[in-house]
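Raw protein_18.cif, mmCIF, C-alpha atoms:
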data_final
loop_
_atom_site.group_PDB
_atom_site.id
_atom_site.type_symbol
_atom_site.label_atom_id
_atom_site.label_comp_id
_atom_site.auth_asym_id
_atom_site.auth_seq_id
_atom_site.Cartn_x
_atom_site.Cartn_y
_atom_site.Cartn_z
ATOM 1 C CA MET A 1 4.395 -12.056 28.501
ATOM 2 C CA LEU A 2 2.813 -15.261 29.747
ATOM 3 C CA PRO A 3 2.703 -18.234 27.335
ATOM 4 C CA GLU A 4 -1.108 -18.344 27.206
ATOM 5 C CA GLN A 5 -1.295 -14.647 26.377
ATOM 6 C CA LEU A 6 1.287 -15.067 23.639
ATOM 7 C CA GLN A 7 -0.620 -18.007 22.204
ATOM 8 C CA ARG A 8 -3.815 -15.970 22.061
ATOM 9 C CA ILE A 9 -2.070 -13.175 20.185
ATOM 10 C CA ILE A 10 -0.458 -15.663 17.788
ATOM 11 C CA GLY A 11 -3.933 -17.117 17.288
ATOM 12 C CA TYR A 12 -5.262 -13.691 16.298
ATOM 13 C CA PHE A 13 -2.357 -13.316 13.895
ATOM 14 C CA LEU A 14 -2.895 -16.738 12.290
ATOM 15 C CA GLU A 15 -6.632 -16.197 11.909
ATOM 16 C CA GLU A 16 -6.188 -12.932 10.061
ATOM 17 C CA ALA A 17 -3.129 -14.148 8.138
ATOM 18 C CA ALA A 18 -5.208 -17.000 6.687
ATOM 19 C CA GLU A 19 -7.713 -14.480 5.312
ATOM 20 C CA HIS A 20 -4.987 -12.271 3.897
ATOM 21 C CA LEU A 21 -3.201 -15.196 2.260
ATOM 22 C CA GLN A 22 -6.435 -16.276 0.579
ATOM 23 C CA ILE A 23 -6.887 -12.780 -0.867
ATOM 24 C CA MET A 24 -3.291 -12.773 -2.079
ATOM 25 C CA GLU A 25 -3.555 -16.228 -3.647
ATOM 26 C CA GLN A 26 -6.641 -15.245 -5.625
ATOM 27 C CA GLY A 27 -5.054 -12.021 -6.789
ATOM 28 C CA LEU A 28 -1.758 -13.621 -7.803
ATOM 29 C CA GLN A 29 -3.477 -16.318 -9.849
ATOM 30 C CA GLY A 30 -4.901 -13.689 -12.195
ATOM 31 C CA LEU A 31 -2.133 -11.155 -11.706
ATOM 32 C CA GLN A 32 -2.523 -9.364 -15.053
ATOM 33 C CA ASN A 33 -6.170 -8.603 -14.292
ATOM 34 C CA THR A 34 -5.259 -7.695 -10.715
ATOM 35 C CA VAL A 35 -2.679 -5.056 -11.633
ATOM 36 C CA GLN A 36 -5.145 -3.487 -14.059
ATOM 37 C CA ALA A 37 -7.729 -3.019 -11.295
ATOM 38 C CA PRO A 38 -6.581 -0.434 -8.698
ATOM 39 C CA GLN A 39 -8.844 -1.736 -5.947
ATOM 40 C CA ARG A 40 -7.700 -5.337 -6.385
ATOM 41 C CA ILE A 41 -3.979 -4.579 -6.383
ATOM 42 C CA HIS A 42 -4.535 -2.381 -3.320
ATOM 43 C CA GLN A 43 -6.167 -5.343 -1.558
ATOM 44 C CA LEU A 44 -3.082 -7.475 -2.191
ATOM 45 C CA ILE A 45 -0.752 -4.749 -0.980
ATOM 46 C CA ARG A 46 -2.858 -4.242 2.140
ATOM 47 C CA ALA A 47 -2.925 -7.995 2.807
ATOM 48 C CA SER A 48 0.849 -8.357 2.608
ATOM 49 C CA HIS A 49 1.259 -5.194 4.691
ATOM 50 C CA SER A 50 -1.014 -6.628 7.380
ATOM 51 C CA ILE A 51 0.950 -9.878 7.573
ATOM 52 C CA LYS A 52 4.189 -7.895 7.735
ATOM 53 C CA GLY A 53 2.890 -5.773 10.624
ATOM 54 C CA GLY A 54 1.570 -8.719 12.612
ATOM 55 C CA ALA A 55 4.785 -10.673 12.124
ATOM 56 C CA ALA A 56 6.881 -7.707 13.234
ATOM 57 C CA MET A 57 4.833 -7.344 16.411
ATOM 58 C CA LEU A 58 5.390 -11.017 17.275
ATOM 59 C CA GLY A 59 9.057 -11.073 16.344
ATOM 60 C CA PHE A 60 8.696 -13.352 13.297
ATOM 61 C CA SER A 61 11.369 -11.513 11.335
ATOM 62 C CA SER A 62 11.488 -14.061 8.510
ATOM 63 C CA ILE A 63 7.754 -13.674 7.813
ATOM 64 C CA GLN A 64 8.115 -9.918 8.124
ATOM 65 C CA ARG A 65 10.917 -9.865 5.552
ATOM 66 C CA VAL A 66 9.172 -12.050 2.977
ATOM 67 C CA ALA A 67 5.856 -10.188 3.338
ATOM 68 C CA HIS A 68 7.693 -6.869 3.093
ATOM 69 C CA ARG A 69 9.462 -7.842 -0.119
ATOM 70 C CA LEU A 70 6.221 -9.115 -1.627
ATOM 71 C CA GLU A 71 4.498 -5.867 -0.655
ATOM 72 C CA ASP A 72 7.269 -3.878 -2.351
ATOM 73 C CA TYR A 73 6.944 -5.898 -5.569
ATOM 74 C CA LEU A 74 3.175 -5.381 -5.610
ATOM 75 C CA LYS A 75 3.579 -1.635 -5.030
ATOM 76 C CA LEU A 76 6.009 -1.507 -7.919
ATOM 77 C CA LEU A 77 3.505 -3.232 -10.203
ATOM 78 C CA ARG A 78 0.845 -0.736 -9.113
ATOM 79 C CA GLU A 79 3.108 2.205 -9.919
ATOM 80 C CA CYS A 80 4.596 0.701 -13.084
ATOM 81 C CA PRO A 81 1.897 -1.145 -15.068
ATOM 82 C CA ILE A 82 3.644 -3.740 -17.222
ATOM 83 C CA ALA A 83 2.581 -6.890 -19.036
ATOM 84 C CA ILE A 84 2.809 -9.824 -16.634
ATOM 85 C CA ASP A 85 4.659 -12.674 -18.308
ATOM 86 C CA SER A 86 4.947 -16.262 -17.107
ATOM 87 C CA ARG A 87 8.416 -15.768 -15.620
ATOM 88 C CA LEU A 88 7.379 -12.815 -13.471
ATOM 89 C CA GLN A 89 4.208 -14.542 -12.311
ATOM 90 C CA SER A 90 6.143 -17.710 -11.466
ATOM 91 C CA LEU A 91 8.742 -15.828 -9.406
ATOM 92 C CA LEU A 92 6.090 -13.960 -7.425
ATOM 93 C CA ALA A 93 4.243 -17.246 -6.840
ATOM 94 C CA GLU A 94 7.449 -18.738 -5.417
ATOM 95 C CA VAL A 95 7.774 -15.865 -2.956
ATOM 96 C CA PHE A 96 4.137 -16.302 -1.955
ATOM 97 C CA ASP A 97 4.621 -20.061 -1.436
ATOM 98 C CA ILE A 98 7.511 -19.379 0.947
ATOM 99 C CA LEU A 99 5.341 -16.921 2.870
ATOM 100 C CA VAL A 100 2.586 -19.540 3.150
ATOM 101 C CA ALA A 101 5.080 -22.163 4.303
ATOM 102 C CA LEU A 102 6.403 -19.877 7.043
ATOM 103 C CA VAL A 103 2.916 -19.084 8.327
ATOM 104 C CA CYS A 104 2.086 -22.819 8.294
ATOM 105 C CA LYS A 105 5.133 -23.538 10.440
ATOM 106 C CA VAL A 106 3.891 -21.018 12.981
ATOM 107 C CA SER A 107 0.438 -22.617 13.020
ATOM 108 C CA LYS A 108 1.850 -26.071 13.720
ATOM 109 C CA GLY A 109 3.946 -25.054 16.693
ATOM 110 C CA PHE A 110 2.573 -21.642 17.664
ATOM 111 C CA GLY A 111 6.036 -20.317 17.045
ATOM 112 C CA LEU A 112 8.909 -20.378 14.585
ATOM 113 C CA ASN A 113 12.392 -21.594 15.430
ATOM 114 C CA ASN A 114 15.475 -19.949 13.955
ATOM 115 C CA GLU A 115 16.554 -23.034 12.019
ATOM 116 C CA ASP A 116 13.266 -23.271 10.098
ATOM 117 C CA ALA A 117 13.160 -19.515 9.541
ATOM 118 C CA ASN A 118 16.732 -19.350 8.229
ATOM 119 C CA GLN A 119 16.169 -22.347 5.962
ATOM 120 C CA MET A 120 13.150 -20.713 4.354
ATOM 121 C CA LEU A 121 14.967 -17.388 3.997
ATOM 122 C CA SER A 122 17.856 -19.154 2.282
ATOM 123 C CA LEU A 123 15.339 -20.311 -0.329
ATOM 124 C CA ALA A 124 13.808 -16.855 -0.643
ATOM 125 C CA GLU A 125 16.946 -14.733 -1.089
ATOM 126 C CA PRO A 126 17.924 -16.116 -4.549
ATOM 127 C CA ILE A 127 14.346 -15.549 -5.708
ATOM 128 C CA PHE A 128 14.502 -11.939 -4.493
ATOM 129 C CA ASP A 129 17.750 -11.458 -6.413
ATOM 130 C CA GLU A 130 16.284 -12.917 -9.599
ATOM 131 C CA LEU A 131 13.125 -10.833 -9.261
ATOM 132 C CA ASP A 132 15.108 -7.649 -8.701
ATOM 133 C CA ALA A 133 17.259 -8.302 -11.769
ATOM 134 C CA TYR A 134 14.302 -9.203 -13.990
ATOM 135 C CA LEU A 135 12.273 -6.183 -12.903
ATOM 136 C CA ARG A 136 15.215 -3.935 -13.768
ATOM 137 C CA VAL A 137 14.984 -5.311 -17.298
ATOM 138 C CA LEU A 138 11.213 -4.818 -17.501
ATOM 139 C CA ILE A 139 11.289 -1.432 -15.749
ATOM 140 C CA PRO A 140 14.649 0.246 -16.487
ATOM 141 C CA THR A 141 13.841 3.576 -14.779
ATOM 142 C CA ARG A 142 11.155 4.104 -12.167
ATOM 143 C CA LEU A 143 9.729 7.578 -12.309
ATOM 144 C CA THR A 144 8.242 9.984 -9.775
ATOM 145 C CA VAL A 145 7.070 13.358 -11.072
ATOM 146 C CA ARG A 146 5.755 15.936 -8.609
ATOM 147 C CA ALA A 147 3.940 18.813 -10.288
ATOM 148 C CA VAL A 148 3.239 21.818 -8.045
ATOM 149 C CA THR A 149 0.916 24.733 -8.721
ATOM 150 C CA ASP A 150 -0.326 27.384 -6.294
ATOM 151 C CA GLU A 151 -3.441 25.284 -5.616
ATOM 152 C CA HIS A 152 -2.455 21.632 -6.003
ATOM 153 C CA ILE A 153 0.270 19.047 -5.867
ATOM 154 C CA HIS A 154 -0.011 16.209 -8.392
ATOM 155 C CA LEU A 155 2.198 13.161 -7.856
ATOM 156 C CA PHE A 156 2.674 10.849 -10.862
ATOM 157 C CA CYS A 157 4.345 7.451 -10.390
ATOM 158 C CA GLY A 158 5.337 5.168 -13.250
ATOM 159 C CA TYR A 159 8.333 4.351 -15.400
ATOM 160 C CA CYS A 160 10.116 5.158 -18.632
ATOM 161 C CA THR A 161 12.307 2.998 -20.845
ATOM 162 C CA LEU A 162 14.513 5.764 -22.242
ATOM 163 C CA ALA A 163 15.342 8.082 -19.355
ATOM 164 C CA GLY A 164 17.587 10.421 -21.358
ATOM 165 C CA GLU A 165 14.993 11.058 -24.029
ATOM 166 C CA PHE A 166 12.279 11.477 -21.391
ATOM 167 C CA SER A 167 14.327 14.081 -19.498
ATOM 168 C CA SER A 168 14.836 16.146 -22.628
ATOM 169 C CA ALA A 169 11.212 15.873 -23.722
ATOM 170 C CA ILE A 170 9.656 16.693 -20.341
ATOM 171 C CA THR A 171 11.760 19.865 -20.069
ATOM 172 C CA SER A 172 10.432 21.019 -23.425
ATOM 173 C CA ARG A 173 6.798 20.134 -22.727
ATOM 174 C CA VAL A 174 6.812 21.708 -19.266
ATOM 175 C CA GLY A 175 8.159 24.865 -20.882
ATOM 176 C CA LEU A 176 5.193 24.882 -23.255
ATOM 177 C CA LEU A 177 2.920 24.862 -20.191
ATOM 178 C CA GLY A 178 4.755 27.873 -18.792
ATOM 179 C CA GLY A 179 6.504 25.899 -16.063
ATOM 180 C CA ASN A 180 10.019 24.857 -15.176
ATOM 181 C CA ILE A 181 11.896 21.875 -13.751
ATOM 182 C CA THR A 182 13.018 22.486 -10.162
ATOM 183 C CA ARG A 183 14.505 19.045 -9.477
ATOM 184 C CA HIS A 184 15.984 16.349 -11.694
ATOM 185 C CA GLU A 185 17.704 13.671 -9.674
ATOM 186 C CA TYR A 186 18.569 9.988 -10.017
ATOM 187 C CA GLU A 187 18.645 7.717 -6.961
ATOM 188 C CA ASP A 188 19.260 4.040 -6.256
ATOM 189 C CA ASP A 189 22.085 3.780 -8.811
ATOM 190 C CA GLY A 190 19.955 5.276 -11.551
ATOM 191 C CA ILE A 191 16.992 2.978 -11.029
ATOM 192 C CA ARG A 192 14.673 5.813 -9.935
ATOM 193 C CA LEU A 193 14.328 9.302 -11.383
ATOM 194 C CA TYR A 194 12.716 12.116 -9.387
ATOM 195 C CA ILE A 195 11.461 15.212 -11.183
ATOM 196 C CA ASP A 196 9.796 18.219 -9.560
ATOM 197 C CA ILE A 197 7.886 20.703 -11.724
ATOM 198 C CA TYR A 198 6.560 24.138 -10.850
ATOM 199 C CA LEU A 199 3.642 25.262 -13.016
ATOM 200 C CA PRO A 200 1.486 28.383 -13.342
ATOM 201 C CA PRO A 201 -1.752 28.615 -11.328
ATOM 202 C CA TYR A 202 -4.773 26.703 -12.636
ATOM 203 C CA THR A 203 -2.741 24.392 -14.876
ATOM 204 C CA ARG A 204 -5.092 21.478 -15.556
ATOM 205 C CA LEU A 205 -4.268 17.966 -14.372
ATOM 206 C CA GLU A 206 -5.106 16.564 -17.822
ATOM 207 C CA ASN A 207 -2.554 18.841 -19.458
ATOM 208 C CA ILE A 208 0.149 17.908 -16.967
ATOM 209 C CA ARG A 209 -0.486 14.193 -17.407
ATOM 210 C CA GLN A 210 -0.468 14.547 -21.169
ATOM 211 C CA ALA A 211 2.905 16.317 -21.010
ATOM 212 C CA VAL A 212 4.364 13.542 -18.844
ATOM 213 C CA GLU A 213 2.991 10.717 -20.992
ATOM 214 C CA LEU A 214 3.889 12.299 -24.337
ATOM 215 C CA SER A 215 7.437 12.674 -23.032
ATOM 216 C CA GLY A 216 7.643 8.879 -22.874
ATOM 217 C CA ALA A 217 6.365 7.902 -19.414
ATOM 218 C CA ILE A 218 3.971 5.100 -18.516
ATOM 219 C CA ILE A 219 1.907 6.321 -15.552
ATOM 220 C CA GLY A 220 0.508 3.886 -13.018
ATOM 221 C CA THR A 221 -0.779 6.049 -10.147
ATOM 222 C CA VAL A 222 -1.732 9.698 -9.700
ATOM 223 C CA GLN A 223 -2.288 11.434 -6.365
ATOM 224 C CA THR A 224 -3.620 14.954 -5.950
ATOM 225 C CA GLN A 225 -3.533 17.147 -2.866
ATOM 226 C CA ARG A 226 -5.166 20.536 -2.485
ATOM 227 C CA ASP A 227 -2.456 21.744 -0.107
ATOM 228 C CA PHE A 228 1.198 21.053 0.576
ATOM 229 C CA SER A 229 0.780 18.000 2.824
ATOM 230 C CA LEU A 230 2.632 15.830 0.311
ATOM 231 C CA LEU A 231 5.700 17.989 0.897
ATOM 232 C CA ALA A 232 5.676 17.509 4.651
ATOM 233 C CA MET A 233 8.571 15.486 6.010
ATOM 234 C CA ASP A 234 7.693 15.100 9.702
ATOM 235 C CA TYR A 235 4.516 13.409 10.915
ATOM 236 C CA PRO A 236 3.427 12.730 14.498
ATOM 237 C CA VAL A 237 3.850 9.105 15.538
ATOM 238 C CA TYR A 238 1.540 7.321 17.967
ATOM 239 C CA GLN A 239 4.070 5.676 20.279
ATOM 240 C CA SER A 240 1.575 3.897 22.552
ATOM 241 C CA ALA A 241 -2.095 4.424 21.865
ATOM 242 C CA ILE A 242 -4.364 4.291 24.915
ATOM 243 C CA GLU A 243 -7.497 5.573 23.202
ATOM 244 C CA PRO A 244 -8.263 5.064 19.511
ATOM 245 C CA PRO A 245 -6.370 7.577 17.350
ATOM 246 C CA ALA A 246 -8.798 9.993 15.733
ATOM 247 C CA ILE A 247 -8.065 8.640 12.247
ATOM 248 C CA CYS A 248 -9.088 5.140 13.416
ATOM 249 C CA THR A 249 -12.597 6.163 14.506
ATOM 250 C CA GLY A 250 -15.081 4.476 12.180
ATOM 251 C CA CYS A 251 -12.424 2.465 10.317
ATOM 252 C CA ARG A 252 -13.423 -1.107 9.508
ATOM 253 C CA TYR A 253 -9.929 -2.392 10.363
ATOM 254 C CA TYR A 254 -9.720 -0.905 13.856
ATOM 255 C CA TYR A 255 -9.252 -3.691 16.392
ATOM 256 C CA GLY A 256 -8.292 -1.971 19.630
ATOM 257 C CA ARG A 257 -7.917 -5.050 21.800
ATOM 258 C CA SER A 258 -5.456 -5.207 24.677
ATOM 259 C CA ASP A 259 -4.066 -8.566 25.724
ATOM 260 C CA GLY A 260 -1.415 -8.956 28.399
ATOM 261 C CA GLY A 261 -0.752 -5.225 28.322
ATOM 262 C CA HIS A 262 -0.080 -5.212 24.567
ATOM 263 C CA LEU A 263 -2.423 -3.124 22.434
ATOM 264 C CA LEU A 264 -3.315 -4.377 18.959
ATOM 265 C CA ASN A 265 -4.543 -1.258 17.170
ATOM 266 C CA CYS A 266 -5.135 -3.140 13.893
ATOM 267 C CA THR A 267 -3.255 -5.733 11.898
ATOM 268 C CA ILE A 268 -2.117 -3.174 9.322
ATOM 269 C CA HIS A 269 -0.713 -0.825 11.980
ATOM 270 C CA PRO A 270 -0.386 -2.858 15.220
ATOM 271 C CA SER A 271 1.005 0.075 17.248
ATOM 272 C CA GLY A 272 -1.186 2.715 15.628
ATOM 273 C CA PRO A 273 -0.929 4.613 12.327
ATOM 274 C CA GLU A 274 2.370 6.267 11.500
ATOM 275 C CA ASP A 275 0.778 9.553 10.463
ATOM 276 C CA GLU A 276 -2.485 11.442 10.811
ATOM 277 C CA ASP A 277 -3.673 10.618 7.277
ATOM 278 C CA CYS A 278 -3.741 6.805 7.148
ATOM 279 C CA ARG A 279 -3.881 5.621 3.526
ATOM 280 C CA ASP A 280 -5.228 2.223 4.623
ATOM 281 C CA ARG A 281 -8.325 3.661 6.298
ATOM 282 C CA GLU A 282 -11.682 2.339 5.058
ATOM 283 C CA PRO A 283 -14.997 3.458 6.583
ATOM 284 C CA GLU A 284 -17.204 0.807 8.162
#

Any chance you could put this one into structure tokens?
Amino acid sequence: MLPEQLQRIIGYFLEEAAEHLQIMEQGLQGLQNTVQAPQRIHQLIRASHSIKGGAAMLGFSSIQRVAHRLEDYLKLLRECPIAIDSRLQSLLAEVFDILVALVCKVSKGFGLNNEDANQMLSLAEPIFDELDAYLRVLIPTRLTVRAVTDEHIHLFCGYCTLAGEFSSAITSRVGLLGGNITRHEYEDDGIRLYIDIYLPPYTRLENIRQAVELSGAIIGTVQTQRDFSLLAMDYPVYQSAIEPPAICTGCRYYYGRSDGGHLLNCTIHPSGPEDEDCRDREPE
């Protein structure tokens, strides 16, 4: 890739990164209100995801890593609604400041040398460790409950503070609904609990949610599918898009510009969406 072509692409990245960072800064300043508003927390997640994707395309692995970790923390707060205290807000602000500093270094030299990148990452890693440890205190067990009927799949994401009591209670309450537990599995050293439930036809979503919450869960997000697409494991991947993928038609984020032989599909998914049902799609 010629230097001038690379500079143009970095310019596109910096222009959009500035917008995303502004959105993130505003959302992080009032984080408690942000996590209570689904659309606002989704905007922050999408912004960090976009920066991560653009950085990965350009080989800025340090920016990619910091943006990725910040995205993961924001997703966790969306799934597990907790009270945001000053310590948590301060730690997330520190991660954001490092992300801003890395992007600023790129803007000054239209690139990022390894020494600067490694220095910033050395500052970030202890913050990641402290955040991980503190979130394990605030959210002892992350919870994913998948409830399947003949017509729907309902996916509940949240957390519980007493996993043993929750497991016992949910078994009893699912039994009252005429269903049964088909999976009960801990992963990530007990940090996350996965439960699959099979229920009779026409079991109402409200009744399922009530059973989960009365068992001791705090629910952050609920997804519902009318078929079994949530169970699918393999999705087609767009390796090198020549024409806009069908899912991108009419999406406000579609970019579709080629520069130096490199296609920029959009900043969220530079090489094209990873599956046929892009969760980041927004109509124009």

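Within the file as shown, the PyMOL selection byres ((chain A and resi 145) around 9) identifies Leu143, Thr144, Arg146, Ala147, His154, Leu155, Phe156, Cys157, Gly158, Leu193, Tyr194, Ile195, Asp196, Ile197 and Val212 of chain A.
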
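Once the PyMOL selection byres ((chain A and resi 181) around 8) is applied to the depicted file, the selected set reads Thr171, Val174, Gly179, Asn180, Thr182, Arg183, His184, Ile195, Asp196, Ile197 and Tyr198 of chain A.
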
Could you check which residues have any atom within 12 Å of (-4.9, -12.7, -4.2), counting all atoms listed in the file with coordinates taken straight from the file, and then list them as a VMD selection string? chain A and resid 18 to 35 39 to 48 70 74 92 to 93 96

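The closest residue to Asn118 of chain A, picked from A:Pro245, A:Glu151, A:Cys160, A:Leu102 and counting only C-alpha atoms, is A:Leu102.
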
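Within the 12 Å cut-off around Asn113 of chain A, using all atoms listed in the file and omitting residues fewer than 5 positions from it on the same chain, the listed residues are A:Gly59, A:Phe60, A:Ser61, A:Ser62, A:Ile63, A:Leu102, A:Lys105, A:Val106, A:Lys108, A:Asn118, A:Gln119, A:Met120.
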
For a cut-off of 12 Å around (-1.2, 21.8, -18.7), file coordinates, pick out all residues using all atoms listed in the file and list them as a PyMOL selection string. chain A and resi 147-149+154+173-179+197-212

Would you export the selected residues with C-alpha atoms as a PDB file, in the frame of the given file, please?
ATOM      1  CA  ALA A 147       3.940  18.813 -10.288  1.00  0.00           C
ATOM      2  CA  VAL A 148       3.239  21.818  -8.045  1.00  0.00           C
ATOM      3  CA  THR A 149       0.916  24.733  -8.721  1.00  0.00           C
ATOM      4  CA  HIS A 154      -0.011  16.209  -8.392  1.00  0.00           C
ATOM      5  CA  ARG A 173       6.798  20.134 -22.727  1.00  0.00           C
ATOM      6  CA  VAL A 174       6.812  21.708 -19.266  1.00  0.00           C
ATOM      7  CA  GLY A 175       8.159  24.865 -20.882  1.00  0.00           C
ATOM      8  CA  LEU A 176       5.193  24.882 -23.255  1.00  0.00           C
ATOM      9  CA  LEU A 177       2.920  24.862 -20.191  1.00  0.00           C
ATOM     10  CA  GLY A 178       4.755  27.873 -18.792  1.00  0.00           C
ATOM     11  CA  GLY A 179       6.504  25.899 -16.063  1.00  0.00           C
ATOM     12  CA  ILE A 197       7.886  20.703 -11.724  1.00  0.00           C
ATOM     13  CA  TYR A 198       6.560  24.138 -10.850  1.00  0.00           C
ATOM     14  CA  LEU A 199       3.642  25.262 -13.016  1.00  0.00           C
ATOM     15  CA  PRO A 200       1.486  28.383 -13.342  1.00  0.00           C
ATOM     16  CA  PRO A 201      -1.752  28.615 -11.328  1.00  0.00           C
ATOM     17  CA  TYR A 202      -4.773  26.703 -12.636  1.00  0.00           C
ATOM     18  CA  THR A 203      -2.741  24.392 -14.876  1.00  0.00           C
ATOM     19  CA  ARG A 204      -5.092  21.478 -15.556  1.00  0.00           C
ATOM     20  CA  LEU A 205      -4.268  17.966 -14.372  1.00  0.00           C
ATOM     21  CA  GLU A 206      -5.106  16.564 -17.822  1.00  0.00           C
ATOM     22  CA  ASN A 207      -2.554  18.841 -19.458  1.00  0.00           C
ATOM     23  CA  ILE A 208       0.149  17.908 -16.967  1.00  0.00           C
ATOM     24  CA  ARG A 209      -0.486  14.193 -17.407  1.00  0.00           C
ATOM     25  CA  GLN A 210      -0.468  14.547 -21.169  1.00  0.00           C
ATOM     26  CA  ALA A 211       2.905  16.317 -21.010  1.00  0.00           C
ATOM     27  CA  VAL A 212       4.364  13.542 -18.844  1.00  0.00           C
TER      28      VAL A 212
END

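Nearest residue to Val100 of chain A, choosing from A:Phe166, A:Val66, A:Gly220, A:Asp280 and counting all atoms listed in the file: A:Val66.
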
Please write N, CA and C atoms of segment 204-215 of chain A, from the structure given just now, as an mmCIF file, in the first residue's frame.
data_model
loop_
_atom_site.group_PDB
_atom_site.id
_atom_site.type_symbol
_atom_site.label_atom_id
_atom_site.label_comp_id
_atom_site.auth_asym_id
_atom_site.auth_seq_id
_atom_site.Cartn_x
_atom_site.Cartn_y
_atom_site.Cartn_z
ATOM 1 N N ARG A 204 -45.945 -18.097 28.102
ATOM 2 C CA ARG A 204 -45.824 -16.650 27.901
ATOM 3 C C ARG A 204 -44.471 -16.135 28.379
ATOM 4 N N LEU A 205 -43.933 -15.165 27.623
ATOM 5 C CA LEU A 205 -42.661 -14.550 27.977
ATOM 6 C C LEU A 205 -42.703 -13.960 29.377
ATOM 7 N N GLU A 206 -43.820 -13.314 29.738
ATOM 8 C CA GLU A 206 -43.925 -12.689 31.061
ATOM 9 C C GLU A 206 -43.804 -13.721 32.173
ATOM 10 N N ASN A 207 -44.369 -14.900 31.958
ATOM 11 C CA ASN A 207 -44.288 -15.941 32.976
ATOM 12 C C ASN A 207 -42.882 -16.504 33.106
ATOM 13 N N ILE A 208 -42.193 -16.610 31.971
ATOM 14 C CA ILE A 208 -40.813 -17.113 32.011
ATOM 15 C C ILE A 208 -39.915 -16.107 32.735
ATOM 16 N N ARG A 209 -40.059 -14.841 32.378
ATOM 17 C CA ARG A 209 -39.231 -13.815 33.022
ATOM 18 C C ARG A 209 -39.503 -13.760 34.519
ATOM 19 N N GLN A 210 -40.750 -13.848 34.892
ATOM 20 C CA GLN A 210 -41.100 -13.826 36.306
ATOM 21 C C GLN A 210 -40.444 -14.994 37.042
ATOM 22 N N ALA A 211 -40.436 -16.170 36.425
ATOM 23 C CA ALA A 211 -39.813 -17.337 37.052
ATOM 24 C C ALA A 211 -38.319 -17.119 37.241
ATOM 25 N N VAL A 212 -37.667 -16.521 36.247
ATOM 26 C CA VAL A 212 -36.226 -16.278 36.325
ATOM 27 C C VAL A 212 -35.919 -15.235 37.404
ATOM 28 N N GLU A 213 -36.694 -14.153 37.416
ATOM 29 C CA GLU A 213 -36.426 -13.075 38.370
ATOM 30 C C GLU A 213 -36.779 -13.479 39.803
ATOM 31 N N LEU A 214 -37.866 -14.195 39.990
ATOM 32 C CA LEU A 214 -38.247 -14.620 41.336
ATOM 33 C C LEU A 214 -37.296 -15.684 41.887
ATOM 34 N N SER A 215 -36.524 -16.292 40.999
ATOM 35 C CA SER A 215 -35.507 -17.250 41.451
ATOM 36 C C SER A 215 -34.256 -16.549 41.964
#
